Amino acid sequence: MEERGFLGKLAAIVPGLAMMVVTLYLLKQVVEPWLAGVAVFGQKGYITKSIGLNYVLMSILVGMAYRNLLFRGSIPGWAAEGFRTTRLFIKTGVIMLGSLYTIQSLAKVGGLAIALIVAFVFGTIFFVMWMGKKLGMDRSMVGVMGAACGVCGVSAAIATSPGVKAKPAEVALAIATILGFGIMSMFITPPIGRALGLSDYQFGAWVGTGILNSGQVLATCLSFNPAIAPGTAVAYGEIWNVVRVISIPFVVFFITLWYWRGEAQEEHMSLWGILKSKFPIFVLGFFGMTALSSFDMLGKEGSETLHMLRDWMAWIFGIGMVGLGAYIDFGEIKKAGGAPLKIGVAAGTLKLVLSLVIILLFIGKEASF
């Protein structure tokens, strides 16, 4: 009976899961390569590189279309069990995400860059927490907005969401806010940089710190100086940006503790109590993968093992993103109101302006590394 029960549950998962897998396959293997070849303003790949419309974002959008258009607001019974595996895929992907980072990468950038980026990352998170409390936002929404605004948008919001039990609609709001602000920043920062006479190093440091999405950092640097070579804006921007990205595991750990500390206040739970009963195991897995990567236990950069691991991660994350989109209800987004937008614009503007001031005051025109 138990075996038949298990097989029955497994069979119930197949239809919805198959739908997510097929959707991802078409987006990743067919649609994204086609978009990469489309020329806009005379540039091939403009849509995927500048706007950041890759298979991950398309997976979320298609999932949203399933929920709100095809399924008319509710996932049908035949697909429900398969779509419920979404959280498992996301958590597994977050654990594997740890393999992208190493502690050694921090040492290559320099103390000043690290200090500035850490200050801006956590300063932005504290600002979002303060403003979120003032506006009466849910702690889960504040958590994903803090990660999205503090680090690099999409990846940070997704990595943090399971730890703070964020709803799919909250993750979608955070991502939409960050991408919208980033697109605006892409158009205004290059003219400002030229008007102020910023060098490639200064401009790269500015947008690598101040713009909230990694793909948009790349596009903005190329807009300032289209050359791709050592010593250009894109080279420096990506160096500063990668340090910010490396902070993701620490941000996830910090925000998850903050979230559960607030949830446990009424129970007078200690820090150890939170770690024992509330802290999600997947975050420890994330740190474990980072440690393995730091000691080359997953292979050297460029190795077949790491290539295979990252390929699996792309598929696992992608499947989870289709499911994530399918749990985003436009009605829930409407209920959330304009608070996330206010926080995103305020945090993004403050970060962009303050980072420019710091660059002008303390960063010379030539790189120190």
# chains A, B, ... in the order shown; residues from 1 in each chain; ligands from 1
>>> residues_around(residues="segment 32-48 of chain A", least_positions_apart="5", cutoff="12 Å", atoms="only C-alpha atoms", output="list in words")
Leu24, Tyr25, Leu26, Leu27, Leu53, Asn54, Tyr55, Val56, Leu57, Met58, Ser59, Ile183, Gly215, Gln216, Leu218, Ala219, Leu222, Ser223 and Pro226 of chain A
>>> closest_residue(among="A:Ala195, A:Ile319, A:Met137, A:Met96", to="Ala18 of chain A", atoms="only C-alpha atoms")
A:Ile319
>>> residues_around(residues="Ile125 of chain A", least_positions_apart="3", cutoff="6 Å", atoms="only C-alpha atoms", output="PyMOL selection string")
chain A and resi 122+128+146+150
>>> write_last_selection(atoms="N, CA, C and O atoms", output="mmCIF file, in the first residue's frame")
data_model
loop_
_atom_site.group_PDB
_atom_site.id
_atom_site.type_symbol
_atom_site.label_atom_id
_atom_site.label_comp_id
_atom_site.auth_asym_id
_atom_site.auth_seq_id
_atom_site.Cartn_x
_atom_site.Cartn_y
_atom_site.Cartn_z
ATOM 1 N N PHE A 122 25.519 46.532 2.793
ATOM 2 C CA PHE A 122 24.812 46.423 4.069
ATOM 3 C C PHE A 122 24.151 47.739 4.467
ATOM 4 O O PHE A 122 23.108 47.730 5.131
ATOM 5 N N VAL A 128 16.707 49.808 3.629
ATOM 6 C CA VAL A 128 15.470 49.149 3.191
ATOM 7 C C VAL A 128 14.690 48.626 4.393
ATOM 8 O O VAL A 128 13.465 48.758 4.454
ATOM 9 N N GLY A 146 15.536 44.072 0.433
ATOM 10 C CA GLY A 146 16.852 44.405 0.978
ATOM 11 C C GLY A 146 17.963 43.712 0.209
ATOM 12 O O GLY A 146 18.982 44.317 -0.138
ATOM 13 N N GLY A 150 20.434 45.729 -2.151
ATOM 14 C CA GLY A 150 21.775 45.741 -1.579
ATOM 15 C C GLY A 150 22.815 45.091 -2.458
ATOM 16 O O GLY A 150 23.958 45.543 -2.529
#
>>> residues_around(residues="Gly73 of chain A", least_positions_apart="4", cutoff="12 Å", atoms="only C-alpha atoms", output="PDB file with C-alpha atoms, in the first residue's frame")
ATOM      1  CA  GLY A  63       4.922  31.021 -15.603  1.00  0.00           C
ATOM      2  CA  MET A  64       2.963  34.179 -14.785  1.00  0.00           C
ATOM      3  CA  ALA A  65       1.109  33.851 -18.088  1.00  0.00           C
ATOM      4  CA  TYR A  66       0.216  30.256 -17.215  1.00  0.00           C
ATOM      5  CA  ARG A  67      -1.228  31.283 -13.852  1.00  0.00           C
ATOM      6  CA  ASN A  68      -3.074  34.432 -14.838  1.00  0.00           C
ATOM      7  CA  LEU A  69      -4.099  33.708 -18.439  1.00  0.00           C
ATOM      8  CA  GLY A 325       6.057  32.541 -12.107  1.00  0.00           C
ATOM      9  CA  ALA A 326       3.065  30.218 -11.921  1.00  0.00           C
ATOM     10  CA  TYR A 327       2.556  31.174  -8.274  1.00  0.00           C
ATOM     11  CA  ILE A 328       2.534  34.912  -9.025  1.00  0.00           C
ATOM     12  CA  ASP A 329      -1.004  36.198  -8.923  1.00  0.00           C
ATOM     13  CA  PHE A 330      -1.636  39.675 -10.317  1.00  0.00           C
ATOM     14  CA  GLY A 331      -4.272  40.136  -7.629  1.00  0.00           C
ATOM     15  CA  GLU A 332      -1.643  39.700  -4.892  1.00  0.00           C
TER      16      GLU A 332
END
>>> closest_residue(among="A:Gly111, A:Lys342, A:Phe250, A:Ala347", to="Leu284 of chain A", atoms="only C-alpha atoms")
A:Phe250
>>> closest_residue(among="A:Met321, A:Trp315, A:Ile95, A:Lys9", to="Ile60 of chain A", atoms="only C-alpha atoms")
A:Met321
>>> closest_atom_pairs(of="segment 282-336 of chain A", to="segment 152-163 of chain A", cutoff="12 Å", atoms="only C-alpha atoms", output="JSON lines")
{"residue": "A:Phe282", "atom": "CA", "partner": "A:Gly163", "partner_atom": "CA", "distance": 8.5}
{"residue": "A:Val283", "atom": "CA", "partner": "A:Gly163", "partner_atom": "CA", "distance": 7.7}
{"residue": "A:Leu284", "atom": "CA", "partner": "A:Gly163", "partner_atom": "CA", "distance": 11.1}
{"residue": "A:Phe286", "atom": "CA", "partner": "A:Ala159", "partner_atom": "CA", "distance": 9.5}
{"residue": "A:Phe317", "atom": "CA", "partner": "A:Ile158", "partner_atom": "CA", "distance": 9.7}
{"residue": "A:Gly318", "atom": "CA", "partner": "A:Ile158", "partner_atom": "CA", "distance": 11.7}
{"residue": "A:Gly320", "atom": "CA", "partner": "A:Ile158", "partner_atom": "CA", "distance": 10.2}
{"residue": "A:Met321", "atom": "CA", "partner": "A:Ile158", "partner_atom": "CA", "distance": 9.2}
{"residue": "A:Leu324", "atom": "CA", "partner": "A:Ile158", "partner_atom": "CA", "distance": 9.8}
{"residue": "A:Gly325", "atom": "CA", "partner": "A:Ile158", "partner_atom": "CA", "distance": 12.0}
>>> select_by_dssp(residues="segment 14-56 of chain A", states="helix (DSSP H, G or I)", output="ChimeraX atom specification")
/A:14-37,46-49,55-56
>>> write_last_selection(atoms="N, CA and C atoms", output="short mmCIF file (atom, residue, chain, number, x, y, z; two decimals), in the first residue's frame")
data_model
loop_
_atom_site.label_atom_id
_atom_site.label_comp_id
_atom_site.auth_asym_id
_atom_site.auth_seq_id
_atom_site.Cartn_x
_atom_site.Cartn_y
_atom_site.Cartn_z
N VAL A 14 4.20 14.19 -12.25
CA VAL A 14 4.72 14.17 -13.62
C VAL A 14 4.09 15.21 -14.56
N PRO A 15 2.76 15.36 -14.65
CA PRO A 15 2.21 16.31 -15.64
C PRO A 15 2.68 17.75 -15.46
N GLY A 16 2.57 18.26 -14.23
CA GLY A 16 2.99 19.64 -13.98
C GLY A 16 4.48 19.82 -14.16
N LEU A 17 5.27 18.85 -13.68
CA LEU A 17 6.72 18.93 -13.81
C LEU A 17 7.13 18.89 -15.28
N ALA A 18 6.49 18.01 -16.05
CA ALA A 18 6.79 17.92 -17.48
C ALA A 18 6.50 19.24 -18.18
N MET A 19 5.42 19.90 -17.77
CA MET A 19 5.07 21.19 -18.36
C MET A 19 6.17 22.23 -18.09
N MET A 20 6.70 22.23 -16.85
CA MET A 20 7.76 23.18 -16.51
C MET A 20 9.03 22.87 -17.28
N VAL A 21 9.39 21.59 -17.40
CA VAL A 21 10.62 21.20 -18.08
C VAL A 21 10.56 21.55 -19.57
N VAL A 22 9.44 21.23 -20.21
CA VAL A 22 9.29 21.54 -21.65
C VAL A 22 9.33 23.05 -21.88
N THR A 23 8.67 23.79 -21.00
CA THR A 23 8.68 25.25 -21.12
C THR A 23 10.10 25.78 -21.05
N LEU A 24 10.87 25.32 -20.06
CA LEU A 24 12.24 25.78 -19.91
C LEU A 24 13.07 25.40 -21.13
N TYR A 25 12.90 24.17 -21.62
CA TYR A 25 13.68 23.71 -22.78
C TYR A 25 13.47 24.65 -23.97
N LEU A 26 12.23 24.98 -24.25
CA LEU A 26 11.93 25.85 -25.39
C LEU A 26 12.51 27.25 -25.21
N LEU A 27 12.40 27.79 -23.98
CA LEU A 27 12.92 29.13 -23.72
C LEU A 27 14.44 29.18 -23.78
N LYS A 28 15.08 28.17 -23.20
CA LYS A 28 16.55 28.16 -23.09
C LYS A 28 17.23 27.77 -24.40
N GLN A 29 16.66 26.79 -25.08
CA GLN A 29 17.32 26.24 -26.26
C GLN A 29 16.83 26.85 -27.57
N VAL A 30 15.66 27.46 -27.56
CA VAL A 30 15.10 27.98 -28.82
C VAL A 30 14.92 29.50 -28.76
N VAL A 31 14.14 29.98 -27.78
CA VAL A 31 13.78 31.39 -27.77
C VAL A 31 14.97 32.30 -27.46
N GLU A 32 15.75 32.00 -26.40
CA GLU A 32 16.88 32.88 -26.05
C GLU A 32 17.92 32.94 -27.16
N PRO A 33 18.35 31.80 -27.77
CA PRO A 33 19.29 31.91 -28.90
C PRO A 33 18.74 32.75 -30.05
N TRP A 34 17.43 32.65 -30.30
CA TRP A 34 16.84 33.46 -31.36
C TRP A 34 16.90 34.95 -31.01
N LEU A 35 16.56 35.30 -29.76
CA LEU A 35 16.62 36.69 -29.33
C LEU A 35 18.05 37.24 -29.39
N ALA A 36 19.03 36.38 -29.08
CA ALA A 36 20.43 36.80 -29.10
C ALA A 36 20.87 37.18 -30.51
N GLY A 37 20.19 36.66 -31.51
CA GLY A 37 20.55 36.98 -32.89
C GLY A 37 19.78 38.13 -33.49
N TYR A 46 21.08 42.85 -28.35
CA TYR A 46 20.74 44.01 -27.51
C TYR A 46 19.67 43.65 -26.48
N ILE A 47 18.67 42.87 -26.91
CA ILE A 47 17.56 42.53 -26.02
C ILE A 47 18.05 41.71 -24.83
N THR A 48 18.89 40.71 -25.10
CA THR A 48 19.33 39.82 -24.03
C THR A 48 20.38 40.48 -23.14
N LYS A 49 21.26 41.30 -23.72
CA LYS A 49 22.36 41.89 -22.93
C LYS A 49 21.94 43.16 -22.21
N TYR A 55 16.69 33.60 -20.38
CA TYR A 55 15.73 32.51 -20.16
C TYR A 55 15.18 32.47 -18.74
N VAL A 56 15.95 32.98 -17.76
CA VAL A 56 15.47 33.00 -16.37
C VAL A 56 14.27 33.93 -16.24
#
>>> atom_distance(atom1="atom CA of Arg84 of chain A", atom2="atom CA of Leu309 of chain A")
24.0 Å
>>> closest_residue(among="A:Ser303, A:Gly93, A:Gly98, A:Ala12", to="Ser247 of chain A", atoms="only C-alpha atoms")
A:Gly98
>>> atom_distance(atom1="atom CA of Val322 of chain A", atom2="atom CA of Ala291 of chain A")
29.4 Å
>>> residues_around(residues="Ser99 of chain A", least_positions_apart="4", cutoff="7 Å", atoms="only C-alpha atoms", output="PyMOL selection string")
chain A and resi 289-290+293
>>> write_last_selection(atoms="N, CA, C and O atoms", output="PDB file, in the first residue's frame")
ATOM      1  N   MET A 289      29.005  24.783  -0.326  1.00  0.00           N
ATOM      2  CA  MET A 289      29.455  24.816  -1.709  1.00  0.00           C
ATOM      3  C   MET A 289      30.495  25.911  -1.931  1.00  0.00           C
ATOM      4  O   MET A 289      31.480  25.724  -2.664  1.00  0.00           O
ATOM      5  N   THR A 290      30.312  27.056  -1.269  1.00  0.00           N
ATOM      6  CA  THR A 290      31.300  28.137  -1.380  1.00  0.00           C
ATOM      7  C   THR A 290      32.645  27.700  -0.808  1.00  0.00           C
ATOM      8  O   THR A 290      33.696  27.985  -1.376  1.00  0.00           O
ATOM      9  N   SER A 293      34.295  25.326  -3.201  1.00  0.00           N
ATOM     10  CA  SER A 293      34.818  26.079  -4.344  1.00  0.00           C
ATOM     11  C   SER A 293      36.082  26.836  -3.968  1.00  0.00           C
ATOM     12  O   SER A 293      37.035  26.904  -4.750  1.00  0.00           O
TER      13      SER A 293
END
>>> decode(residues="segment 316-331 of chain A", atoms="all heavy atoms", output="JSON list (two decimals), in the first residue's frame")
[["chain", "number", "residue", "atom", "x", "y", "z"],
["A", 316, "ILE", "N", 18.13, 23.45, -13.25],
["A", 316, "ILE", "CA", 17.38, 23.36, -11.99],
["A", 316, "ILE", "C", 16.76, 24.70, -11.63],
["A", 316, "ILE", "O", 15.58, 24.79, -11.28],
["A", 316, "ILE", "CB", 18.30, 22.85, -10.85],
["A", 316, "ILE", "CG1", 18.61, 21.36, -11.06],
["A", 316, "ILE", "CG2", 17.67, 23.07, -9.48],
["A", 316, "ILE", "CD1", 19.70, 20.82, -10.17],
["A", 317, "PHE", "N", 17.55, 25.77, -11.73],
["A", 317, "PHE", "CA", 17.04, 27.11, -11.46],
["A", 317, "PHE", "C", 15.92, 27.47, -12.44],
["A", 317, "PHE", "O", 14.89, 28.03, -12.06],
["A", 317, "PHE", "CB", 18.16, 28.15, -11.59],
["A", 317, "PHE", "CG", 18.55, 28.76, -10.27],
["A", 317, "PHE", "CD1", 19.88, 29.01, -9.98],
["A", 317, "PHE", "CD2", 17.60, 29.11, -9.33],
["A", 317, "PHE", "CE1", 20.25, 29.58, -8.78],
["A", 317, "PHE", "CE2", 17.96, 29.68, -8.12],
["A", 317, "PHE", "CZ", 19.29, 29.92, -7.85],
["A", 318, "GLY", "N", 16.14, 27.15, -13.71],
["A", 318, "GLY", "CA", 15.17, 27.50, -14.73],
["A", 318, "GLY", "C", 13.81, 26.85, -14.49],
["A", 318, "GLY", "O", 12.76, 27.50, -14.62],
["A", 319, "ILE", "N", 13.82, 25.56, -14.14],
["A", 319, "ILE", "CA", 12.56, 24.86, -13.84],
["A", 319, "ILE", "C", 11.87, 25.54, -12.66],
["A", 319, "ILE", "O", 10.65, 25.77, -12.67],
["A", 319, "ILE", "CB", 12.82, 23.37, -13.55],
["A", 319, "ILE", "CG1", 13.33, 22.67, -14.81],
["A", 319, "ILE", "CG2", 11.56, 22.68, -13.04],
["A", 319, "ILE", "CD1", 13.88, 21.28, -14.56],
["A", 320, "GLY", "N", 12.66, 25.87, -11.64],
["A", 320, "GLY", "CA", 12.10, 26.54, -10.48],
["A", 320, "GLY", "C", 11.51, 27.90, -10.82],
["A", 320, "GLY", "O", 10.50, 28.31, -10.24],
["A", 321, "MET", "N", 12.12, 28.61, -11.79],
["A", 321, "MET", "CA", 11.62, 29.93, -12.16],
["A", 321, "MET", "C", 10.28, 29.85, -12.90],
["A", 321, "MET", "O", 9.43, 30.72, -12.73],
["A", 321, "MET", "CB", 12.64, 30.67, -13.04],
["A", 321, "MET", "CG", 13.93, 31.06, -12.32],
["A", 321, "MET", "SD", 13.66, 32.05, -10.84],
["A", 321, "MET", "CE", 13.82, 30.79, -9.57],
["A", 322, "VAL", "N", 10.09, 28.80, -13.71],
["A", 322, "VAL", "CA", 8.78, 28.61, -14.36],
["A", 322, "VAL", "C", 7.71, 28.43, -13.29],
["A", 322, "VAL", "O", 6.64, 29.05, -13.32],
["A", 322, "VAL", "CB", 8.79, 27.40, -15.31],
["A", 322, "VAL", "CG1", 7.40, 27.18, -15.91],
["A", 322, "VAL", "CG2", 9.80, 27.59, -16.43],
["A", 323, "GLY", "N", 8.02, 27.58, -12.30],
["A", 323, "GLY", "CA", 7.08, 27.35, -11.21],
["A", 323, "GLY", "C", 6.86, 28.60, -10.37],
["A", 323, "GLY", "O", 5.73, 28.89, -9.95],
["A", 324, "LEU", "N", 7.93, 29.35, -10.14],
["A", 324, "LEU", "CA", 7.81, 30.59, -9.36],
["A", 324, "LEU", "C", 6.83, 31.54, -10.05],
["A", 324, "LEU", "O", 5.94, 32.12, -9.41],
["A", 324, "LEU", "CB", 9.18, 31.26, -9.24],
["A", 324, "LEU", "CG", 9.21, 32.62, -8.52],
["A", 324, "LEU", "CD1", 8.90, 32.45, -7.05],
["A", 324, "LEU", "CD2", 10.57, 33.28, -8.70],
["A", 325, "GLY", "N", 6.96, 31.68, -11.36],
["A", 325, "GLY", "CA", 6.06, 32.54, -12.11],
["A", 325, "GLY", "C", 4.62, 32.09, -12.00],
["A", 325, "GLY", "O", 3.70, 32.91, -11.93],
["A", 326, "ALA", "N", 4.43, 30.76, -11.97],
["A", 326, "ALA", "CA", 3.07, 30.22, -11.92],
["A", 326, "ALA", "C", 2.39, 30.45, -10.58],
["A", 326, "ALA", "O", 1.17, 30.25, -10.46],
["A", 326, "ALA", "CB", 3.09, 28.72, -12.23],
["A", 327, "TYR", "N", 3.15, 30.85, -9.57],
["A", 327, "TYR", "CA", 2.56, 31.17, -8.27],
["A", 327, "TYR", "C", 2.42, 32.69, -8.06],
["A", 327, "TYR", "O", 2.11, 33.14, -6.97],
["A", 327, "TYR", "CB", 3.39, 30.56, -7.15],
["A", 327, "TYR", "CG", 3.09, 29.08, -6.96],
["A", 327, "TYR", "CD1", 3.91, 28.11, -7.52],
["A", 327, "TYR", "CD2", 1.96, 28.67, -6.26],
["A", 327, "TYR", "CE1", 3.63, 26.76, -7.36],
["A", 327, "TYR", "CE2", 1.66, 27.32, -6.10],
["A", 327, "TYR", "CZ", 2.50, 26.37, -6.65],
["A", 327, "TYR", "OH", 2.21, 25.04, -6.51],
["A", 328, "ILE", "N", 2.68, 33.46, -9.12],
["A", 328, "ILE", "CA", 2.53, 34.91, -9.03],
["A", 328, "ILE", "C", 1.15, 35.30, -9.52],
["A", 328, "ILE", "O", 0.82, 35.13, -10.69],
["A", 328, "ILE", "CB", 3.62, 35.63, -9.86],
["A", 328, "ILE", "CG1", 5.01, 35.35, -9.26],
["A", 328, "ILE", "CG2", 3.36, 37.13, -9.89],
["A", 328, "ILE", "CD1", 6.15, 35.82, -10.13],
["A", 329, "ASP", "N", 0.37, 35.80, -8.61],
["A", 329, "ASP", "CA", -1.00, 36.20, -8.92],
["A", 329, "ASP", "C", -1.06, 37.72, -9.02],
["A", 329, "ASP", "O", -0.65, 38.42, -8.10],
["A", 329, "ASP", "CB", -1.94, 35.70, -7.80],
["A", 329, "ASP", "CG", -3.40, 35.84, -8.18],
["A", 329, "ASP", "OD1", -3.79, 36.92, -8.64],
["A", 329, "ASP", "OD2", -4.14, 34.84, -8.01],
["A", 330, "PHE", "N", -1.56, 38.23, -10.14],
["A", 330, "PHE", "CA", -1.64, 39.67, -10.32],
["A", 330, "PHE", "C", -2.48, 40.34, -9.23],
["A", 330, "PHE", "O", -2.24, 41.49, -8.86],
["A", 330, "PHE", "CB", -2.23, 40.01, -11.69],
["A", 330, "PHE", "CG", -1.32, 39.67, -12.84],
["A", 330, "PHE", "CD1", -1.84, 39.40, -14.10],
["A", 330, "PHE", "CD2", 0.06, 39.63, -12.68],
["A", 330, "PHE", "CE1", -1.02, 39.10, -15.17],
["A", 330, "PHE", "CE2", 0.90, 39.32, -13.74],
["A", 330, "PHE", "CZ", 0.36, 39.05, -14.98],
["A", 331, "GLY", "N", -3.45, 39.60, -8.71],
["A", 331, "GLY", "CA", -4.27, 40.14, -7.63],
["A", 331, "GLY", "C", -3.46, 40.41, -6.38],
["A", 331, "GLY", "O", -3.65, 41.42, -5.70]]
